[in-house]
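Enquirer: Below is a structure I'd like to ask you about.
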Amino acid sequence: MKDRAMAGLQRFGRALMGAVAVMPVAAILMGIGYWIDPTGWGANNVAAYVLIKAGGAVLDNLGWLFAIALAFGLAKDNNGASALSGFLGYATVKLVVGQDAVASYKGVDLTKLEGDAALNWASQGWAAINDKNVLIGILVGLLAAWVYNHFHKTKLPDFLAFFSGRRLVPILTSLFSIVLAGILFVLWPLLYSALFNFGQWIQGMGAIGAGLYAVVNRLLIPTGLHHALNSIFWFDVVGIDDIGKFLGGGATIAAAEAAKTAADCPGVWDSAANTCEVVGVVGRYQAGFFPIMMFGLPGAALAIYLRSEDKKKKTVAALMMAGALASFFTGVTEPLEFSFMFVAPVLYLVHALLTGVSVAIAAAMHWTAGFGFSAGFVDMFLSAQNPVANKWYMLLVMGVVFFALYFVIFYALIGVMNMHTPGRELEDDELDMSDLEDVDPSSQAATILNGLGGAENIDTLDYCTTRLRVNVKDPLKINEKVIKAAKVAGIIRPGQKSIQVVIGPQVQFVYDDMAMLLKSSSAVLMGEQEE
């Protein structure tokens with residue numbers, strides 16, 4: 001039961017990333033737009049206007065994206081009928097219990113609402129059921145995937161046979177979505193109030209809340225469940241929507257200037273001055289990651305390299321350099337984190353705590369920057385001209401400090417505690433690393449497959465940004481020492497029959513070679529799946 005629950009949560013996290021994966025498009029388009037026109041936000045330049053609006057096509061439709069991505073990602077065979085069902089389900093809920101529909105049910109004339117009546121209506125949150133509602137998107141996506149998985153093989157009588165199987169799924173999803181809309185009609189005001197208050201409570205904790213979030217974010221990396229946590233802070237699930245509001249830039253500032261109450265404020269409401277603060281506030285759940293990913297982890301990589309044995313330094317240097325460059329430029333940290341996560345868990349705990357400190361400091365000082373993919377140099381550069389960014393260059397100063405902290409702490413702890421980081425393995429586990437230099441993907445694939453028990457032991461195989469993910473038939477046939485001989489960054493065992501092999505950014509080529517080796521076997525090859 002535990003394995004099934006963990007597998008289900010991990011699958012949910014991977015499906016969420018189907019929607020998150022399009023965020024870099026918005027970040028790049030809007031980032032370039034803000035660079036072209038940093039003061040008018042598109043008003044002074046046609047190219048900037050087009051780019052910012054094109055990026056808004058993603059941000060303004062996040063509810064639809066999450067509904068479709070979850071429905072598709074959680075369907076048993078990732079069939080397009082599930083994605084269509086997610087689309088129809090979201091359209092149904094949005095139209096049946098959107099603000100205009102509910103107002104007509106209750107006989108409310110929205111154009112005549114004033115004073116307390118307007119505030120009471122706003123507090124019910126019907127306006128929040130719109131194209132951007134990530135929570136509704138998640139609910140609909142889960143519903144559509146459930147319908148697909150339970151009814152895509154359903155057979156109907158001959159006179160209705162045309163609507164059997166997968167054609168039945170969108171129809172049933174629409175009907176079930178009406179039921180979901182009915183439930184939301186009753187529960188939404190209560191749910192909205194609870195979520196809004198939760199979001200205000202988190203934001204009310206200020207820098208401490210941001211720091212706690214960052215610590216838990218890093219601790220959840222090994223399980224893959226950090227994506228579910230991130231959705232709370234980065235998207236519009238509880239009203240925080242840190243990424244969306246940051247990338248929105250000018251629109252966020254305009255909304256803040258027009259806000260009359262805390263419910264309308266996209267940032268932090270100052271009740272004393274009756275003003276909405278967004279500059280230096282929006283981005284607080286992102287900014288502090290930049291010093292860690294661009295500087296801190298590369299500092300850790302240098303410490304690991306210098307602490308490695310002389311005969312292994314060349315190989316460790318290649319591993320650490322590749323990981324450090326990926327972390328600095330793109331914010332992809334897994335190749336570095338998995339190099340010490342399991343062999344030196346104390347270092348990983350230190351890493352999580354330092355991440356929390358960095359995010360808390362950035363939030364406390366109101367130094368903000370944002371990202372659409374991750375906290376690397378590319379996103380830092382693109383967000384620098386965003387009108388919501390505030391003293392982003394101080395994050396670079398912080399980065400230099402955190403580079404030194406990571407280097408000194410990691411270097412000292414590795415030596416004092418005799419940790420078995422890369423290049424310092426125990427003799428019993430030691431690999432002949434001189435034979436592992438310049439390993440090509442085909443050699444890696446064959447070695448990994450051998451360590452997994454051979455082709456006959458593979459049930460399913462897929463990959464994400466940095467990992468091969470495998471379900472095996474007999475876990476007793478797995479030999480981790482053989483897998484490690486393929487010069488992998490790490491191994492994760494999330495379930496009894498589930499294993500993940502951390503390769504790094506070159507994972508696609510290893511997967512392709514393994515797929516060739518498995519072509520004549522019974523293994524199910526699922527290709528790329530989002531994290």
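Following the order of the structure tokens, chains are lettered A, B, ..., residues in each are numbered from 1, and ligands are numbered from 1.
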Using DSSP on the backbone coordinates, identify all residues within segment 262-392 of chain A classified as helix (DSSP H, G or I); present the result as a ChimeraX atom specification.
Expert: /A:262-264,289-307,310-330,334-340,345-365,377-383
Enquirer: For segment 332-335 of chain A, find every residue with an atom within 6 Å (counting only C-alpha atoms), except residues of its own chain fewer than 3 positions away, and show them as a list of chain:residue names.
Expert: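 The residues satisfying every condition are A:Gly323, A:Ala326, A:Ser327, A:Phe338, A:Ala489, A:Gly504.
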Enquirer: Store the residues picked out above, limited to N, CA, C and O atoms, as a PDB file, in the first residue's frame.
Expert:
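The resulting result-v5.pdb:
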```pdb
ATOM      1  N   GLY A 323      27.961  19.154 -13.613  1.00  0.00           N
ATOM      2  CA  GLY A 323      26.868  19.478 -12.700  1.00  0.00           C
ATOM      3  C   GLY A 323      26.833  20.942 -12.325  1.00  0.00           C
ATOM      4  O   GLY A 323      25.767  21.553 -12.249  1.00  0.00           O
ATOM      5  N   ALA A 326      25.532  23.056 -15.286  1.00  0.00           N
ATOM      6  CA  ALA A 326      24.083  22.894 -15.430  1.00  0.00           C
ATOM      7  C   ALA A 326      23.351  23.676 -14.352  1.00  0.00           C
ATOM      8  O   ALA A 326      22.336  24.333 -14.617  1.00  0.00           O
ATOM      9  N   SER A 327      23.854  23.632 -13.126  1.00  0.00           N
ATOM     10  CA  SER A 327      23.225  24.340 -12.019  1.00  0.00           C
ATOM     11  C   SER A 327      23.310  25.849 -12.221  1.00  0.00           C
ATOM     12  O   SER A 327      22.332  26.577 -12.022  1.00  0.00           O
ATOM     13  N   PHE A 338      22.320  14.706  -6.343  1.00  0.00           N
ATOM     14  CA  PHE A 338      22.322  13.259  -6.199  1.00  0.00           C
ATOM     15  C   PHE A 338      23.724  12.681  -6.064  1.00  0.00           C
ATOM     16  O   PHE A 338      23.882  11.516  -5.713  1.00  0.00           O
ATOM     17  N   ALA A 489      24.967   9.479 -11.870  1.00  0.00           N
ATOM     18  CA  ALA A 489      25.058  10.457 -10.782  1.00  0.00           C
ATOM     19  C   ALA A 489      24.431   9.953  -9.495  1.00  0.00           C
ATOM     20  O   ALA A 489      24.794  10.400  -8.412  1.00  0.00           O
ATOM     21  N   GLY A 504      21.597  12.773 -15.733  1.00  0.00           N
ATOM     22  CA  GLY A 504      21.937  14.158 -16.024  1.00  0.00           C
ATOM     23  C   GLY A 504      21.277  14.595 -17.318  1.00  0.00           C
ATOM     24  O   GLY A 504      20.428  13.882 -17.875  1.00  0.00           O
TER      25      GLY A 504
END
```
Enquirer: Env of Leu405 of chain A: 10 Å cut, atoms = only C-alpha atoms, seq-sep filter 2 positions within chain, self excluded. Answer as a PyMOL selection string.
Expert: chain A and resi 295-296+299-300+354+399-403+407-411
Enquirer: Write a file of the just-selected residues containing C-alpha atoms, as a PDB file, in the first residue's frame.
Expert:
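Written out: out39.pdb:
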```pdb
ATOM      1  CA  PHE A 295      26.749  29.835  -6.684  1.00  0.00           C
ATOM      2  CA  GLY A 296      26.159  27.639  -3.634  1.00  0.00           C
ATOM      3  CA  GLY A 299      30.894  25.857  -4.346  1.00  0.00           C
ATOM      4  CA  ALA A 300      29.906  22.442  -2.995  1.00  0.00           C
ATOM      5  CA  LEU A 354      21.224  26.824   3.633  1.00  0.00           C
ATOM      6  CA  GLY A 399      25.616  34.226  -4.307  1.00  0.00           C
ATOM      7  CA  VAL A 400      29.281  35.006  -3.740  1.00  0.00           C
ATOM      8  CA  VAL A 401      28.730  34.681   0.016  1.00  0.00           C
ATOM      9  CA  PHE A 402      26.897  31.382  -0.387  1.00  0.00           C
ATOM     10  CA  PHE A 403      29.594  30.048  -2.712  1.00  0.00           C
ATOM     11  CA  PHE A 407      32.699  25.516  -0.061  1.00  0.00           C
ATOM     12  CA  VAL A 408      33.950  25.982   3.504  1.00  0.00           C
ATOM     13  CA  ILE A 409      31.187  23.930   5.172  1.00  0.00           C
ATOM     14  CA  PHE A 410      31.286  21.078   2.656  1.00  0.00           C
ATOM     15  CA  TYR A 411      35.081  20.963   2.585  1.00  0.00           C
TER      16      TYR A 411
END
```
Enquirer: Excluding same-chain residues fewer than 2 positions from Val96 of chain A, what lies within 12 Å of it counting only C-alpha atoms, as a list in words?
Expert: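 These residues fall inside the cut-off: Gly89, Tyr90, Ala91, Thr92, Val93, Lys94, Gly98, Gln99, Asp100, Ala101, Val102, Ala103, Ser104, Tyr105, Trp126, Ile129, Asn130, Ser174, Leu175, Ser177, Ile178, Val179, Leu180, Ala181, Gly182, Ile183, Leu184 and Phe185 of chain A.
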Enquirer: List the spatial neighbours of Asp474 of chain A as a PyMOL selection string - criterion: any atom at most 10 Å away, only C-alpha atoms, same-chain residues fewer than 2 positions off excluded.
Expert: chain A and resi 452-453+456-459+471-472+476-478+496-497
Enquirer: Looking at A:Met526, A:His351, A:Val357, A:Ala486, which one is nearest to Ile221 of chain A, with distances taken over only C-alpha atoms?
Expert: A:His351
Enquirer: Work out how far atom CA of Trp234 of chain A is from atom CA of Gly137 of chain A, in Å to one decimal.
Expert: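 One can read the atom CA of Gly137 of chain A to atom CA of Trp234 of chain A distance as 14.8 Å.
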Enquirer: Can you pull out the residues contacting Thr154 of chain A? Cut-off 10 Å, using only C-alpha atoms, and skip same-chain residues under 6 positions away; I want them as a ChimeraX atom specification.
Expert: /A:148,161,163-169
Enquirer: From a backbone DSSP assignment, name each residue in segment 312-473 of chain A labelled strand (DSSP E or B), as a PyMOL selection string.
Expert: chain A and resi 368+390+458-463+467-472
Enquirer: What's the 10 Å shell around Pro422 of chain A, counting only C-alpha atoms, without same-chain residues fewer than 3 positions away, as an MDAnalysis selection string?
Expert: chainID A and resid 301 304:305 307:309 312:313 315:317 319:320 339:340 343:344 419 425 489
Enquirer: Create the file for the chosen residues now, containing N, CA and C atoms and written as a PDB file, in the first residue's frame.
Expert:
```
ATOM      1  N   ALA A 301      30.436  21.690  -5.248  1.00  0.00           N
ATOM      2  CA  ALA A 301      31.114  20.847  -6.245  1.00  0.00           C
ATOM      3  C   ALA A 301      32.628  21.015  -6.161  1.00  0.00           C
ATOM      4  N   ILE A 304      33.874  19.106  -3.102  1.00  0.00           N
ATOM      5  CA  ILE A 304      33.868  17.658  -3.349  1.00  0.00           C
ATOM      6  C   ILE A 304      35.057  17.271  -4.226  1.00  0.00           C
ATOM      7  N   TYR A 305      35.329  18.088  -5.238  1.00  0.00           N
ATOM      8  CA  TYR A 305      36.470  17.800  -6.121  1.00  0.00           C
ATOM      9  C   TYR A 305      37.791  17.851  -5.352  1.00  0.00           C
ATOM     10  N   ARG A 307      38.349  17.427  -2.247  1.00  0.00           N
ATOM     11  CA  ARG A 307      38.430  16.370  -1.240  1.00  0.00           C
ATOM     12  C   ARG A 307      38.544  14.974  -1.852  1.00  0.00           C
ATOM     13  N   SER A 308      38.433  14.869  -3.157  1.00  0.00           N
ATOM     14  CA  SER A 308      38.545  13.551  -3.784  1.00  0.00           C
ATOM     15  C   SER A 308      39.997  13.089  -3.805  1.00  0.00           C
ATOM     16  N   GLU A 309      40.199  11.791  -3.938  1.00  0.00           N
ATOM     17  CA  GLU A 309      41.546  11.226  -3.985  1.00  0.00           C
ATOM     18  C   GLU A 309      42.229  11.626  -5.295  1.00  0.00           C
ATOM     19  N   LYS A 312      41.531   9.915  -8.550  1.00  0.00           N
ATOM     20  CA  LYS A 312      40.166  10.000  -9.068  1.00  0.00           C
ATOM     21  C   LYS A 312      39.765  11.432  -9.436  1.00  0.00           C
ATOM     22  N   LYS A 313      40.682  12.363  -9.244  1.00  0.00           N
ATOM     23  CA  LYS A 313      40.337  13.768  -9.435  1.00  0.00           C
ATOM     24  C   LYS A 313      39.887  14.091 -10.863  1.00  0.00           C
ATOM     25  N   THR A 315      38.257  12.235 -13.065  1.00  0.00           N
ATOM     26  CA  THR A 315      36.884  11.793 -13.281  1.00  0.00           C
ATOM     27  C   THR A 315      35.906  12.626 -12.468  1.00  0.00           C
ATOM     28  N   VAL A 316      36.250  12.894 -11.198  1.00  0.00           N
ATOM     29  CA  VAL A 316      35.376  13.695 -10.345  1.00  0.00           C
ATOM     30  C   VAL A 316      35.255  15.115 -10.889  1.00  0.00           C
ATOM     31  N   ALA A 317      36.353  15.646 -11.427  1.00  0.00           N
ATOM     32  CA  ALA A 317      36.319  16.995 -11.999  1.00  0.00           C
ATOM     33  C   ALA A 317      35.314  17.069 -13.143  1.00  0.00           C
ATOM     34  N   LEU A 319      32.672  15.167 -13.608  1.00  0.00           N
ATOM     35  CA  LEU A 319      31.330  15.034 -13.042  1.00  0.00           C
ATOM     36  C   LEU A 319      30.885  16.336 -12.383  1.00  0.00           C
ATOM     37  N   MET A 320      31.755  16.922 -11.572  1.00  0.00           N
ATOM     38  CA  MET A 320      31.410  18.139 -10.844  1.00  0.00           C
ATOM     39  C   MET A 320      31.283  19.343 -11.779  1.00  0.00           C
ATOM     40  N   SER A 339      24.734  13.493  -6.342  1.00  0.00           N
ATOM     41  CA  SER A 339      26.100  12.998  -6.173  1.00  0.00           C
ATOM     42  C   SER A 339      26.468  12.866  -4.693  1.00  0.00           C
ATOM     43  N   PHE A 340      25.751  13.596  -3.806  1.00  0.00           N
ATOM     44  CA  PHE A 340      26.063  13.480  -2.373  1.00  0.00           C
ATOM     45  C   PHE A 340      24.838  13.226  -1.504  1.00  0.00           C
ATOM     46  N   VAL A 343      25.049   9.358  -0.288  1.00  0.00           N
ATOM     47  CA  VAL A 343      26.329   8.946   0.291  1.00  0.00           C
ATOM     48  C   VAL A 343      26.720   9.830   1.461  1.00  0.00           C
ATOM     49  N   ALA A 344      26.178  11.051   1.513  1.00  0.00           N
ATOM     50  CA  ALA A 344      26.484  11.975   2.609  1.00  0.00           C
ATOM     51  C   ALA A 344      25.223  12.774   2.953  1.00  0.00           C
ATOM     52  N   MET A 419      33.420  11.702   4.962  1.00  0.00           N
ATOM     53  CA  MET A 419      32.273  11.332   4.137  1.00  0.00           C
ATOM     54  C   MET A 419      32.716  10.737   2.807  1.00  0.00           C
ATOM     55  N   GLU A 425      35.071   6.933  -2.197  1.00  0.00           N
ATOM     56  CA  GLU A 425      34.257   5.762  -1.885  1.00  0.00           C
ATOM     57  C   GLU A 425      35.036   4.757  -1.045  1.00  0.00           C
ATOM     58  N   ALA A 489      24.967   9.479 -11.870  1.00  0.00           N
ATOM     59  CA  ALA A 489      25.058  10.457 -10.782  1.00  0.00           C
ATOM     60  C   ALA A 489      24.431   9.953  -9.495  1.00  0.00           C
TER      61      ALA A 489
END
```
Enquirer: I'd like to know which of A:Ser358, A:Thr261, A:Asn61, A:Thr368 is closest to Asp116 of chain A, using only C-alpha atoms.
Expert: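 Going through A:Ser358, A:Thr261, A:Asn61, A:Thr368 one by one, the smallest distance to Asp116 of chain A is for A:Thr261.
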Enquirer: Looking at A:Val397, A:Val215, A:Val268, A:Ile232, which one is nearest to Pro291 of chain A, with distances taken over only C-alpha atoms?
Expert: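 Using only C-alpha atoms, the shortest distance to Pro291 of chain A belongs to A:Val397.
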Enquirer: Which residue out of A:Ala251, A:Ile448, A:Ala81, A:Ile68 has the minimum interatomic distance to Ile171 of chain A when only C-alpha atoms are used?
Expert: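 The answer is A:Ala81, which sits nearest to Ile171 of chain A.
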Enquirer: So how far away is atom CA of Thr466 of chain A from atom CA of Arg11 of chain A, in Å?
Expert: 16.0 Å
